[in-house]
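The structure file start30.tsv is reproduced below (TSV, C-alpha atoms and all ligand atoms).
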```tsv
chain	number	residue	atom	x	y	z
A	1208	MET	CA	-13.04	-57.74	-29.72
A	1209	SER	CA	-9.94	-55.77	-30.54
A	1210	LEU	CA	-8.10	-54.00	-27.77
A	1211	ILE	CA	-6.07	-50.82	-27.95
A	1212	VAL	CA	-3.98	-48.95	-25.43
A	1213	GLN	CA	-3.97	-45.16	-25.65
A	1214	LYS	CA	-1.51	-43.02	-23.76
A	1215	TYR	CA	-1.97	-39.29	-23.21
A	1216	GLY	CA	1.06	-37.19	-22.29
A	1217	GLY	CA	1.24	-34.25	-19.88
A	1218	THR	CA	0.35	-31.52	-22.38
A	1219	SER	CA	-2.67	-33.53	-23.57
A	1220	VAL	CA	-4.14	-33.63	-20.06
A	1221	ALA	CA	-2.96	-30.23	-18.79
A	1222	ASN	CA	-6.40	-28.85	-17.86
A	1223	PRO	CA	-10.12	-29.73	-17.77
A	1224	ASP	CA	-10.67	-28.59	-21.37
A	1225	SER	CA	-7.90	-30.84	-22.64
A	1226	LEU	CA	-9.26	-33.72	-20.57
A	1227	LYS	CA	-12.62	-33.24	-22.30
A	1228	ILE	CA	-10.95	-33.55	-25.72
A	1229	VAL	CA	-9.11	-36.66	-24.53
A	1230	ALA	CA	-12.41	-38.16	-23.35
A	1231	GLU	CA	-13.91	-37.60	-26.82
A	1232	LYS	CA	-11.01	-39.48	-28.41
A	1233	ILE	CA	-11.45	-42.37	-25.99
A	1234	ILE	CA	-15.19	-42.47	-26.59
A	1235	SER	CA	-14.77	-42.51	-30.34
A	1236	ALA	CA	-12.45	-45.55	-30.09
A	1237	LYS	CA	-15.05	-47.17	-27.84
A	1238	LYS	CA	-17.78	-46.43	-30.40
A	1239	GLU	CA	-15.68	-48.18	-33.04
A	1240	GLY	CA	-16.23	-51.26	-30.93
A	1241	LYS	CA	-12.82	-51.42	-29.31
A	1242	GLN	CA	-11.84	-52.27	-25.79
A	1243	VAL	CA	-9.83	-49.32	-24.50
A	1244	VAL	CA	-7.15	-49.09	-21.85
A	1245	VAL	CA	-5.88	-45.56	-21.23
A	1246	VAL	CA	-2.54	-44.62	-19.68
A	1247	VAL	CA	-2.11	-41.05	-18.46
A	1248	SER	CA	0.77	-38.79	-17.51
A	1249	ALA	CA	0.68	-36.13	-14.82
A	1250	MET	CA	-1.10	-32.90	-15.80
A	1251	GLY	CA	1.02	-30.39	-17.70
A	1252	SER	CA	4.32	-29.74	-15.97
A	1253	SER	CA	3.11	-30.94	-12.59
A	1254	THR	CA	5.92	-33.50	-12.25
A	1255	ASP	CA	8.45	-30.64	-12.55
A	1256	GLU	CA	6.46	-28.64	-10.02
A	1257	LEU	CA	6.46	-31.54	-7.55
A	1258	ILE	CA	10.24	-31.90	-7.96
A	1259	ALA	CA	10.65	-28.16	-7.32
A	1260	LEU	CA	8.51	-28.43	-4.18
A	1261	ALA	CA	10.65	-31.29	-2.92
A	1262	ASN	CA	13.81	-29.31	-3.54
A	1263	GLU	CA	12.47	-26.42	-1.51
A	1264	LEU	CA	12.21	-28.63	1.53
A	1265	SER	CA	15.18	-30.90	1.14
A	1266	GLU	CA	18.48	-30.82	-0.70
A	1267	THR	CA	18.67	-34.59	-0.84
A	1268	PRO	CA	15.12	-35.94	-0.65
A	1269	SER	CA	15.01	-39.68	-0.11
A	1270	PRO	CA	14.36	-41.58	-3.35
A	1271	ARG	CA	11.51	-43.43	-1.67
A	1272	GLU	CA	9.71	-40.24	-0.69
A	1273	MET	CA	10.35	-38.80	-4.15
A	1274	ASP	CA	8.54	-41.79	-5.66
A	1275	MET	CA	5.65	-41.39	-3.21
A	1276	LEU	CA	5.44	-37.76	-4.24
A	1277	LEU	CA	5.84	-38.07	-8.01
A	1278	SER	CA	3.53	-41.06	-8.39
A	1279	ALA	CA	0.77	-38.80	-7.06
A	1280	GLY	CA	0.88	-36.66	-10.23
A	1281	GLU	CA	-0.53	-39.40	-12.45
A	1282	ARG	CA	-3.18	-40.30	-9.86
A	1283	ILE	CA	-4.69	-36.85	-10.16
A	1284	THR	CA	-5.08	-37.18	-13.93
A	1285	MET	CA	-6.45	-40.73	-13.88
A	1286	SER	CA	-9.19	-40.04	-11.36
A	1287	LEU	CA	-10.31	-36.79	-13.03
A	1288	LEU	CA	-10.51	-38.51	-16.40
A	1289	ALA	CA	-12.48	-41.46	-15.02
A	1290	MET	CA	-14.91	-39.09	-13.26
A	1291	HIS	CA	-15.46	-37.15	-16.45
A	1292	LEU	CA	-16.08	-40.32	-18.49
A	1293	ASN	CA	-18.55	-41.43	-15.82
A	1294	SER	CA	-20.36	-38.13	-16.04
A	1295	LEU	CA	-20.72	-38.66	-19.79
A	1296	GLY	CA	-22.38	-42.00	-19.10
A	1297	TYR	CA	-19.38	-44.27	-19.72
A	1298	ASP	CA	-18.32	-46.90	-17.26
A	1299	SER	CA	-14.73	-46.18	-16.30
A	1300	TYR	CA	-12.38	-46.51	-13.36
A	1301	SER	CA	-8.80	-45.67	-12.59
A	1302	LEU	CA	-5.99	-47.82	-11.20
A	1303	THR	CA	-2.59	-46.93	-9.80
A	1304	GLY	CA	0.41	-48.79	-11.21
A	1305	SER	CA	0.40	-51.20	-8.31
A	1306	GLN	CA	-3.36	-51.81	-8.54
A	1307	ALA	CA	-2.85	-52.61	-12.22
A	1308	GLY	CA	-0.26	-55.21	-11.20
A	1309	ILE	CA	2.77	-53.46	-12.69
A	1310	ILE	CA	5.69	-55.17	-10.99
A	1311	THR	CA	9.05	-53.41	-11.22
A	1312	THR	CA	12.61	-53.69	-10.00
A	1313	SER	CA	13.20	-51.95	-6.68
A	1314	ARG	CA	15.34	-49.01	-7.83
A	1315	HIS	CA	13.51	-45.83	-6.90
A	1316	GLY	CA	13.29	-43.19	-9.60
A	1317	ARG	CA	14.55	-45.50	-12.31
A	1318	ALA	CA	12.73	-48.79	-11.83
A	1319	GLU	CA	12.17	-51.18	-14.72
A	1320	ILE	CA	8.99	-53.07	-15.43
A	1321	GLU	CA	9.49	-56.80	-14.88
A	1322	LYS	CA	6.00	-58.19	-15.16
A	1323	ILE	CA	2.40	-57.04	-15.48
A	1324	SER	CA	-0.35	-59.20	-14.02
A	1325	GLY	CA	-3.06	-56.75	-15.07
A	1326	GLU	CA	-5.88	-58.65	-13.37
A	1327	ARG	CA	-7.96	-55.64	-12.46
A	1328	VAL	CA	-7.41	-54.22	-15.92
A	1329	LYS	CA	-8.75	-57.39	-17.53
A	1330	GLU	CA	-11.69	-57.55	-15.11
A	1331	GLY	CA	-12.69	-54.04	-16.12
A	1332	LEU	CA	-12.39	-54.76	-19.82
A	1333	GLU	CA	-14.55	-57.85	-19.49
A	1334	LYS	CA	-17.26	-55.71	-17.92
A	1335	GLY	CA	-17.01	-53.22	-20.79
A	1336	SER	CA	-15.36	-50.48	-18.70
A	1337	ILE	CA	-12.77	-48.03	-19.90
A	1338	VAL	CA	-9.80	-48.72	-17.64
A	1339	ILE	CA	-7.48	-45.80	-16.89
A	1340	VAL	CA	-4.01	-46.65	-15.58
A	1341	ALA	CA	-1.57	-44.22	-13.97
A	1342	GLY	CA	1.59	-44.09	-16.07
A	1343	PHE	CA	5.19	-43.96	-14.85
A	1344	GLN	CA	4.79	-46.11	-11.74
A	1345	GLY	CA	4.78	-49.61	-10.36
A	1346	PHE	CA	5.36	-51.69	-7.28
A	1347	ASN	CA	8.17	-53.86	-6.01
A	1348	PRO	CA	6.91	-56.87	-4.02
A	1349	ASP	CA	10.21	-57.47	-2.16
A	1350	THR	CA	10.55	-53.97	-0.77
A	1351	ARG	CA	6.74	-53.45	-0.78
A	1352	GLU	CA	7.37	-49.98	-2.17
A	1353	ILE	CA	5.91	-47.82	-4.93
A	1354	THR	CA	8.44	-47.10	-7.64
A	1355	THR	CA	8.65	-44.72	-10.61
A	1356	LEU	CA	10.13	-45.50	-13.99
A	1357	GLY	CA	12.16	-42.38	-14.81
A	1358	ARG	CA	11.16	-39.27	-16.73
A	1359	GLY	CA	8.85	-39.97	-19.62
A	1360	GLY	CA	8.05	-43.35	-18.06
A	1361	SER	CA	4.36	-43.31	-18.96
A	1362	ASP	CA	5.34	-44.33	-22.49
A	1363	ALA	CA	6.92	-47.47	-21.05
A	1364	THR	CA	3.81	-48.19	-18.98
A	1365	ALA	CA	1.63	-47.90	-22.08
A	1366	VAL	CA	3.66	-50.09	-24.41
A	1367	ALA	CA	4.36	-52.70	-21.73
A	1368	LEU	CA	0.64	-52.85	-20.92
A	1369	ALA	CA	-0.19	-53.17	-24.62
A	1370	ALA	CA	2.30	-56.03	-24.91
A	1371	SER	CA	1.06	-57.87	-21.85
A	1372	LEU	CA	-2.63	-57.50	-22.76
A	1373	GLY	CA	-1.99	-58.50	-26.37
A	1374	ALA	CA	-3.33	-55.18	-27.69
A	1375	GLU	CA	-3.42	-54.67	-31.46
A	1376	LYS	CA	-1.52	-51.39	-31.08
A	1377	CYS	CA	-0.41	-48.71	-28.66
A	1378	GLU	CA	-1.30	-45.12	-29.51
A	1379	ILE	CA	0.83	-42.43	-27.91
A	1380	TYR	CA	-1.05	-39.12	-28.02
A	1381	THR	CA	1.05	-35.99	-27.75
A	1382	ASP	CA	1.25	-32.27	-28.54
A	1383	VAL	CA	3.15	-32.75	-31.82
A	1384	GLU	CA	2.09	-34.30	-35.12
A	1385	GLY	CA	4.37	-37.32	-34.74
A	1386	VAL	CA	8.04	-38.15	-35.18
A	1387	PHE	CA	9.99	-35.70	-37.37
A	1388	SER	CA	13.19	-36.05	-39.38
A	1389	ALA	CA	14.72	-33.41	-37.06
A	1390	ASP	CA	13.48	-31.16	-34.28
A	1391	PRO	CA	10.98	-28.82	-36.02
A	1392	ARG	CA	11.85	-26.10	-33.51
A	1393	ILE	CA	15.41	-26.15	-34.87
A	1394	THR	CA	14.78	-26.51	-38.58
A	1395	ASP	CA	11.52	-25.71	-40.34
A	1396	LYS	CA	12.51	-28.15	-43.07
A	1397	ALA	CA	11.89	-31.08	-40.70
A	1398	LYS	CA	9.46	-33.59	-42.22
A	1399	LEU	CA	6.86	-35.69	-40.45
A	1400	LEU	CA	7.78	-39.38	-40.85
A	1401	LYS	CA	4.91	-41.70	-41.74
A	1402	GLU	CA	6.71	-44.83	-40.66
A	1403	ILE	CA	9.93	-45.70	-38.90
A	1404	THR	CA	11.41	-48.97	-37.65
A	1405	TYR	CA	11.80	-49.85	-33.97
A	1406	ASP	CA	15.57	-49.87	-34.40
A	1407	GLU	CA	15.61	-46.38	-35.86
A	1408	MET	CA	13.19	-45.06	-33.24
A	1409	LEU	CA	15.31	-46.57	-30.50
A	1410	GLU	CA	18.42	-44.82	-31.81
A	1411	MET	CA	16.47	-41.58	-32.24
A	1412	ALA	CA	15.07	-41.76	-28.71
A	1413	SER	CA	18.46	-42.50	-27.19
A	1414	THR	CA	20.22	-39.71	-29.07
A	1415	GLY	CA	17.85	-36.88	-28.24
A	1416	ALA	CA	14.43	-37.26	-29.88
A	1417	ARG	CA	12.13	-36.72	-26.96
A	1418	VAL	CA	8.76	-37.88	-28.33
A	1419	LEU	CA	9.13	-41.41	-26.98
A	1420	MET	CA	10.99	-42.88	-24.05
A	1421	ALA	CA	13.60	-45.34	-25.37
A	1422	ARG	CA	12.52	-48.14	-23.07
A	1423	SER	CA	9.00	-48.05	-24.47
A	1424	VAL	CA	10.40	-48.67	-27.95
A	1425	GLU	CA	12.35	-51.67	-26.64
A	1426	PHE	CA	9.10	-53.17	-25.34
A	1427	GLY	CA	7.45	-52.51	-28.67
A	1428	ARG	CA	10.24	-54.23	-30.54
A	1429	ARG	CA	10.49	-57.19	-28.22
A	1430	TYR	CA	6.77	-57.95	-28.34
A	1431	ASN	CA	6.13	-56.54	-31.81
A	1432	VAL	CA	3.49	-54.03	-30.71
A	1433	PRO	CA	2.99	-51.27	-33.31
A	1434	ILE	CA	3.39	-47.87	-31.63
A	1435	ILE	CA	1.60	-44.92	-33.19
A	1436	VAL	CA	2.73	-41.46	-32.14
A	1437	ARG	CA	-0.05	-39.04	-32.99
A	1438	PRO	CA	-1.48	-35.63	-32.12
A	1439	THR	CA	-4.20	-35.16	-29.49
A	1440	PHE	CA	-5.40	-31.83	-30.79
A	1441	SER	CA	-5.72	-32.57	-34.49
A	1442	ASP	CA	-6.70	-35.48	-36.72
A	1443	GLY	CA	-3.22	-36.21	-38.06
A	1444	MET	CA	-2.31	-39.84	-38.66
A	1445	GLY	CA	1.06	-39.45	-36.90
A	1446	THR	CA	4.00	-41.83	-37.17
A	1447	THR	CA	3.83	-45.61	-36.96
A	1448	VAL	CA	6.78	-47.35	-35.35
A	1449	LYS	CA	7.04	-50.98	-36.45
A	1450	GLU	CA	9.30	-53.82	-37.52
A	1451	GLN	CA	9.70	-52.93	-41.19
A	1452	VAL	CA	8.73	-49.96	-43.33
A	1453	MET	CA	7.70	-49.79	-46.99
A	1454	GLU	CA	10.43	-47.45	-48.17
A	1455	GLN	CA	13.62	-47.60	-46.16
A	1456	ALA	CA	15.56	-44.33	-46.28
A	1457	ILE	CA	19.34	-44.33	-45.93
A	1458	VAL	CA	19.00	-41.61	-43.30
A	1459	SER	CA	15.61	-41.13	-41.63
A	1460	GLY	CA	16.47	-38.56	-39.01
A	1461	VAL	CA	18.97	-36.12	-37.54
A	1462	THR	CA	18.91	-35.85	-33.76
A	1463	HIS	CA	20.75	-33.77	-31.21
A	1464	ASN	CA	21.48	-33.73	-27.53
A	1465	ASP	CA	22.96	-30.73	-25.76
A	1466	LYS	CA	22.29	-32.02	-22.27
A	1467	GLU	CA	25.51	-33.99	-21.86
A	1468	ILE	CA	28.93	-33.13	-20.52
A	1469	LYS	CA	32.28	-34.51	-21.63
A	1470	PHE	CA	34.47	-35.71	-18.77
A	1471	THR	CA	38.17	-36.60	-19.05
A	1472	LEU	CA	40.51	-38.51	-16.78
A	1473	PHE	CA	44.09	-37.49	-17.60
A	1474	GLY	CA	47.23	-39.56	-17.34
A	1475	VAL	CA	45.70	-42.86	-16.33
A	1476	PRO	CA	48.18	-45.78	-16.23
A	1477	ASP	CA	47.74	-47.78	-19.45
A	1478	GLN	CA	47.27	-51.21	-17.87
A	1479	PRO	CA	44.83	-54.08	-18.19
A	1480	GLY	CA	41.76	-53.60	-16.00
A	1481	ILE	CA	41.83	-49.81	-15.77
A	1482	ALA	CA	38.90	-49.13	-18.10
A	1483	GLY	CA	36.94	-51.85	-16.32
A	1484	SER	CA	37.58	-50.19	-13.01
A	1485	VAL	CA	36.71	-46.66	-14.22
A	1486	PHE	CA	33.45	-47.63	-15.90
A	1487	GLY	CA	32.65	-50.18	-13.21
A	1488	HIS	CA	32.69	-47.42	-10.58
A	1489	LEU	CA	30.55	-45.18	-12.77
A	1490	SER	CA	27.96	-47.85	-13.49
A	1491	ASP	CA	27.80	-48.93	-9.82
A	1492	LYS	CA	26.71	-45.38	-9.04
A	1493	GLY	CA	24.10	-45.46	-11.81
A	1494	VAL	CA	25.91	-43.04	-14.12
A	1495	ASN	CA	24.64	-43.28	-17.67
A	1496	VAL	CA	27.88	-43.23	-19.65
A	1497	ASP	CA	27.41	-42.64	-23.32
A	1498	MET	CA	30.32	-42.08	-25.72
A	1499	ILE	CA	33.80	-43.22	-24.69
A	1500	VAL	CA	37.18	-42.35	-26.18
A	1501	GLN	CA	40.55	-43.59	-24.99
A	1502	ASN	CA	43.50	-41.74	-26.45
A	1503	VAL	CA	46.81	-43.17	-27.68
A	1504	SER	CA	49.05	-43.74	-24.72
A	1505	LYS	CA	52.29	-41.85	-24.09
A	1506	ASP	CA	54.83	-43.01	-21.49
A	1507	SER	CA	52.40	-45.79	-20.48
A	1508	LYS	CA	49.73	-43.24	-19.59
A	1509	THR	CA	46.53	-42.42	-21.40
A	1510	ASP	CA	43.55	-40.05	-21.27
A	1511	ILE	CA	40.02	-41.44	-21.10
A	1512	SER	CA	37.06	-39.24	-22.09
A	1513	PHE	CA	33.38	-40.02	-21.93
A	1514	THR	CA	30.05	-38.21	-21.99
A	1515	ALA	CA	27.29	-38.43	-19.36
A	1516	PRO	CA	24.03	-36.54	-18.69
A	1517	GLU	CA	24.50	-33.06	-17.22
A	1518	GLU	CA	22.24	-33.81	-14.27
A	1519	GLN	CA	24.79	-36.38	-13.10
A	1520	LYS	CA	27.62	-33.82	-13.14
A	1521	ASP	CA	28.25	-33.69	-9.40
A	1522	GLU	CA	28.18	-37.46	-8.96
A	1523	VAL	CA	30.59	-37.97	-11.85
A	1524	MET	CA	33.05	-35.32	-10.67
A	1525	GLU	CA	33.11	-36.89	-7.22
A	1526	ILE	CA	33.75	-40.35	-8.63
A	1527	LEU	CA	36.52	-38.98	-10.87
A	1528	LEU	CA	38.15	-37.31	-7.87
A	1529	HIS	CA	38.30	-40.65	-6.05
A	1530	LEU	CA	39.42	-42.50	-9.17
A	1531	THR	CA	42.25	-39.99	-9.74
A	1532	GLN	CA	43.63	-40.86	-6.29
A	1533	ASP	CA	43.00	-44.60	-6.48
A	1534	LEU	CA	44.46	-45.04	-9.97
A	1535	LYS	CA	47.23	-42.46	-9.47
A	1536	ALA	CA	46.00	-40.56	-12.49
A	1537	GLU	CA	47.06	-36.99	-13.23
A	1538	GLY	CA	43.67	-35.32	-12.89
A	1539	SER	CA	40.22	-34.88	-14.30
A	1540	ASP	CA	38.25	-32.21	-16.09
A	1541	LYS	CA	34.89	-31.52	-17.70
A	1542	ASP	CA	33.73	-29.71	-20.84
A	1543	GLU	CA	30.15	-28.45	-20.68
A	1544	ASN	CA	30.19	-26.72	-24.05
A	1545	ILE	CA	29.46	-29.82	-26.12
A	1546	ALA	CA	26.56	-31.16	-28.14
A	1547	ARG	CA	26.03	-34.38	-29.97
A	1548	VAL	CA	24.50	-34.61	-33.43
A	1549	SER	CA	23.54	-37.96	-34.92
A	1550	ILE	CA	22.24	-39.27	-38.20
A	1551	ILE	CA	20.07	-42.38	-38.06
A	1552	GLY	CA	18.80	-44.69	-40.76
A	1553	ALA	CA	18.37	-48.43	-41.19
A	1554	GLY	CA	19.24	-47.98	-44.88
A	1555	MET	CA	22.84	-47.08	-44.04
A	1556	LYS	CA	23.56	-50.73	-43.26
A	1557	SER	CA	23.75	-51.47	-46.98
A	1558	GLU	CA	25.24	-48.17	-48.12
A	1559	SER	CA	28.90	-47.21	-48.02
A	1560	GLY	CA	30.36	-43.76	-47.58
A	1561	VAL	CA	27.69	-42.42	-45.24
A	1562	ALA	CA	30.13	-41.66	-42.42
A	1563	SER	CA	32.64	-39.91	-44.66
A	1564	LYS	CA	29.85	-37.83	-46.17
A	1565	MET	CA	28.78	-36.77	-42.68
A	1566	PHE	CA	32.32	-35.80	-41.65
A	1567	LYS	CA	32.89	-33.91	-44.91
A	1568	THR	CA	29.62	-32.04	-44.54
A	1569	LEU	CA	30.58	-30.93	-41.03
A	1570	GLY	CA	34.15	-30.15	-42.08
A	1571	SER	CA	33.22	-28.02	-45.06
A	1572	ASN	CA	31.02	-25.99	-42.73
A	1573	GLU	CA	33.94	-25.36	-40.36
A	1574	ILE	CA	32.49	-27.60	-37.66
A	1575	ASN	CA	35.12	-29.46	-35.69
A	1576	ILE	CA	34.43	-33.04	-34.52
A	1577	GLY	CA	35.57	-33.94	-31.00
A	1578	MET	CA	34.36	-37.52	-30.62
A	1579	ILE	CA	32.73	-40.07	-32.91
A	1580	SER	CA	30.65	-43.13	-32.21
A	1581	THR	CA	28.70	-45.43	-34.48
A	1582	SER	CA	26.23	-48.30	-34.50
A	1583	PRO	CA	25.18	-50.19	-37.64
A	1584	ILE	CA	22.39	-47.65	-38.18
A	1585	ARG	CA	23.73	-44.49	-36.49
A	1586	ILE	CA	26.69	-42.12	-36.63
A	1587	SER	CA	27.15	-39.57	-33.84
A	1588	CYS	CA	29.62	-36.71	-33.56
A	1589	VAL	CA	30.38	-34.58	-30.53
A	1590	ILE	CA	30.87	-30.96	-31.53
A	1591	SER	CA	30.84	-27.57	-29.84
A	1592	LYS	CA	27.45	-26.44	-28.56
A	1593	ASN	CA	27.80	-23.24	-30.57
A	1594	ASP	CA	27.85	-25.25	-33.81
A	1595	MET	CA	24.83	-27.41	-33.04
A	1596	GLN	CA	22.12	-25.51	-34.87
A	1597	LYS	CA	24.21	-25.19	-38.01
A	1598	ALA	CA	25.25	-28.86	-37.88
A	1599	ILE	CA	21.65	-30.02	-37.73
A	1600	GLU	CA	20.68	-27.79	-40.65
A	1601	VAL	CA	23.53	-28.84	-42.94
A	1602	LEU	CA	23.18	-32.54	-42.14
A	1603	HIS	CA	19.43	-32.40	-42.65
A	1604	ASP	CA	19.91	-30.63	-46.00
A	1605	GLU	CA	22.54	-33.13	-47.09
A	1606	PHE	CA	20.88	-36.39	-46.04
A	1607	ILE	CA	17.15	-35.80	-45.83
A	1608	ILE	CA	16.25	-33.01	-48.24
A	1609	ASP	CA	18.60	-34.14	-51.04
B	1	LIG	N1	4.98	-37.50	-15.40
B	1	LIG	C1	6.22	-38.15	-15.69
B	1	LIG	C2	7.21	-37.13	-16.28
B	1	LIG	O1	6.89	-35.97	-16.40
B	1	LIG	C3	6.07	-39.34	-16.57
B	1	LIG	C4	5.55	-39.07	-17.95
B	1	LIG	O2	4.95	-38.03	-18.21
B	1	LIG	O3	5.73	-39.91	-18.82
B	1	LIG	O4	8.31	-37.50	-16.60
B	2	MG	MG	6.70	-37.92	-22.83
```
Could you take the file, read its structure, and then write that structure out as structure tokens?
Ligand code: ASP
Ligand code: MG
Amino acid sequence: MSLIVQKYGGTSVANPDSLKIVAEKIISAKKEGKQVVVVVSAMGSSTDELIALANELSETPSPREMDMLLSAGERITMSLLAMHLNSLGYDSYSLTGSQAGIITTSRHGRAEIEKISGERVKEGLEKGSIVIVAGFQGFNPDTREITTLGRGGSDATAVALAASLGAEKCEIYTDVEGVFSADPRITDKAKLLKEITYDEMLEMASTGARVLMARSVEFGRRYNVPIIVRPTFSDGMGTTVKEQVMEQAIVSGVTHNDKEIKFTLFGVPDQPGIAGSVFGHLSDKGVNVDMIVQNVSKDSKTDISFTAPEEQKDEVMEILLHLTQDLKAEGSDKDENIARVSIIGAGMKSESGVASKMFKTLGSNEINIGMISTSPIRISCVISKNDMQKAIEVLHDEFIID
């Protein structure tokens, strides 16, 4: 019998009416003769609400207690959904991450899935039950603690479960039609993509596309599980993420991220080991450094700039303050008025001139480029936040519409 994993995001399970629609979808898969495992997110924006509650009572809540708190969100959804399925005459039960045997690293708030035993999931499937698993959480056997996987982590739960159970596919149900060539809220020319490769989706997810958590795409790629991003509230076919697509575009998507800050360390001695020490300190503290630029050195001193998520601003500034003293640098600064725009496409591997076309397009629209980074299938530019909307529109016109 074929097995599928379905994941329903927060907006798909926001209230009882939505849960009833979700139950119909699950039942129709069941009626097609499939075994179904369902992964759920917390209802609506309840994770944000729990975080706000925590912040009202503590400025620095302990990461352990935060995980105890936030993992509760998904438990509410899973039990309500199982109850409803039961009331419709379907055998169903819910499991927390730890009951489902989702073993993670010990890092609270950002744990990574290491292994899934899934015994109680398999037991349920054998009995013909619909098994509902709480997304976004797991258990670390050494610390004996509940962990969470980071924002959007239910996607990772779903794809990892699909991989470990040998599911034929993992369906990610959401409030949009699928993956678009750009954010449809920014440009109404954005097109729904039928298919996209894991590599492209990974680059899209890590440069701002928020439909899928990047780590879930890594699982999909590693274990070759097709991931289908599709709408809960309509019958659209969505977007399939897989190894290879029929028609490979040169550029498949334009993404943006305006939630990063550019930090600069000025006048750092230009000596071996300095970059290692700077980025070593940052990574020890869990800072997610993204783009890095080191300038030409003058008088044996250089400036090092990098970008990092805005929510890590205070941590980064503190580290830079210490580093300035330790390395005898001249100072540090931050620029919050930046945005990053990226073009992504597996077809650019075998095409020349894509980067120059991107820079010319931005240049002829009076958009100044502050930093550049590339991968074989991505080119990113840091620009001013004020230019972001325009940059997305002109790049989308140039590379996708033409
Ligand atoms: N509820 C968690 C969040 O809001 C996990 C998820 O929805 O994927 O980030
Ligand atoms: Mg999500």
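Of the residues under consideration (A:Ser1252, A:Ser1225, A:Ser1571, A:Ser1313), A:Ser1252 shows the shortest atom-to-atom contact distance to ligand MG 2 (chain B) when counting all atoms listed in the file.
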Contacts between ligand MG 2 (chain B) and chain A, please, where a residue of chain A counts if it comes within 6 Å (with all atoms listed in the file); show its shortest atom pair and distance in Å to one decimal, rows by chain and ascending number, as a tab-separated table.
```
residue	atom	partner	partner_atom	distance
A:Gly1216	CA	B:MG2	MG	5.7
A:Gly1359	CA	B:MG2	MG	4.4
A:Val1418	CA	B:MG2	MG	5.9
A:Leu1419	CA	B:MG2	MG	5.9
```
Quiz item: What gap, in Å, lies between CA of Arg1547 (chain A) and CA of Val1523 (chain A)?
Solution: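 The value is 19.0 Å.
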Quiz prompt | Residue nearest Gly1331 (chain A) among A:Thr1284, A:Thr1303, A:Gln1242, A:Thr1381 (counting all atoms listed in the file) | solution =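 Among the listed residues, the smallest separation from Gly1331 (chain A) belongs to A:Gln1242.
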Exercise. Please provide as a list in words all residues within 9 Å of region 1226-1230 of chain A, with the sequence filter that same-chain residues fewer than 2 positions apart are discarded (counting all atoms listed in the file).
Key: Tyr1215, Ser1219, Val1220, Ala1221, Asn1222, Pro1223, Asp1224, Lys1232, Ile1233, Ile1234, Ser1235, Thr1284, Leu1287, Leu1288, Ala1289, His1291, Leu1292, Thr1439 and Phe1440 of chain A
Please write out the residues within 7 Å of ligand LIG 1 (chain B) as a PDB file with C-alpha atoms, keeping the file's coordinate frame, counting all atoms listed in the file.
```pdb
ATOM      1  CA  GLY A1216       1.060 -37.190 -22.290  1.00  0.00           C
ATOM      2  CA  GLY A1217       1.240 -34.250 -19.880  1.00  0.00           C
ATOM      3  CA  SER A1248       0.770 -38.790 -17.510  1.00  0.00           C
ATOM      4  CA  ALA A1249       0.680 -36.130 -14.820  1.00  0.00           C
ATOM      5  CA  SER A1252       4.320 -29.740 -15.970  1.00  0.00           C
ATOM      6  CA  THR A1254       5.920 -33.500 -12.250  1.00  0.00           C
ATOM      7  CA  ASP A1255       8.450 -30.640 -12.550  1.00  0.00           C
ATOM      8  CA  GLY A1280       0.880 -36.660 -10.230  1.00  0.00           C
ATOM      9  CA  GLU A1281      -0.530 -39.400 -12.450  1.00  0.00           C
ATOM     10  CA  GLY A1342       1.590 -44.090 -16.070  1.00  0.00           C
ATOM     11  CA  PHE A1343       5.190 -43.960 -14.850  1.00  0.00           C
ATOM     12  CA  GLY A1357      12.160 -42.380 -14.810  1.00  0.00           C
ATOM     13  CA  ARG A1358      11.160 -39.270 -16.730  1.00  0.00           C
ATOM     14  CA  GLY A1359       8.850 -39.970 -19.620  1.00  0.00           C
ATOM     15  CA  GLY A1360       8.050 -43.350 -18.060  1.00  0.00           C
ATOM     16  CA  SER A1361       4.360 -43.310 -18.960  1.00  0.00           C
ATOM     17  CA  ASP A1362       5.340 -44.330 -22.490  1.00  0.00           C
TER      18      ASP A1362
END
```
Region 1504-1562 of chain A residues near region 1471-1485 of chain A within 9 Å, closest pair each, using all atoms listed in the file, as a tab-separated table:
```
residue	atom	partner	partner_atom	distance
A:Ser1504	CA	A:Asp1477	CA	6.8
A:Lys1505	CA	A:Gly1474	CA	8.7
A:Asp1506	CA	A:Asp1477	CA	8.8
A:Ser1507	CA	A:Asp1477	CA	5.2
A:Lys1508	CA	A:Pro1476	CA	4.5
A:Thr1509	CA	A:Gly1474	CA	5.0
A:Asp1510	CA	A:Phe1473	CA	4.5
A:Ile1511	CA	A:Leu1472	CA	5.2
A:Ser1512	CA	A:Thr1471	CA	4.2
A:Phe1513	CA	A:Thr1471	CA	6.6
A:Thr1514	CA	A:Thr1471	CA	8.8
A:Ile1526	CA	A:Val1485	CA	8.9
A:Leu1527	CA	A:Leu1472	CA	7.1
A:Leu1530	CA	A:Val1485	CA	7.1
A:Thr1531	CA	A:Leu1472	CA	7.4
A:Leu1534	CA	A:Val1475	CA	6.8
A:Lys1535	CA	A:Val1475	CA	7.0
A:Ala1536	CA	A:Val1475	CA	4.5
A:Glu1537	CA	A:Gly1474	CA	4.9
A:Gly1538	CA	A:Phe1473	CA	5.2
A:Ser1539	CA	A:Leu1472	CA	4.4
A:Asp1540	CA	A:Thr1471	CA	5.3
A:Lys1541	CA	A:Thr1471	CA	6.2
A:Asp1542	CA	A:Thr1471	CA	8.4
```
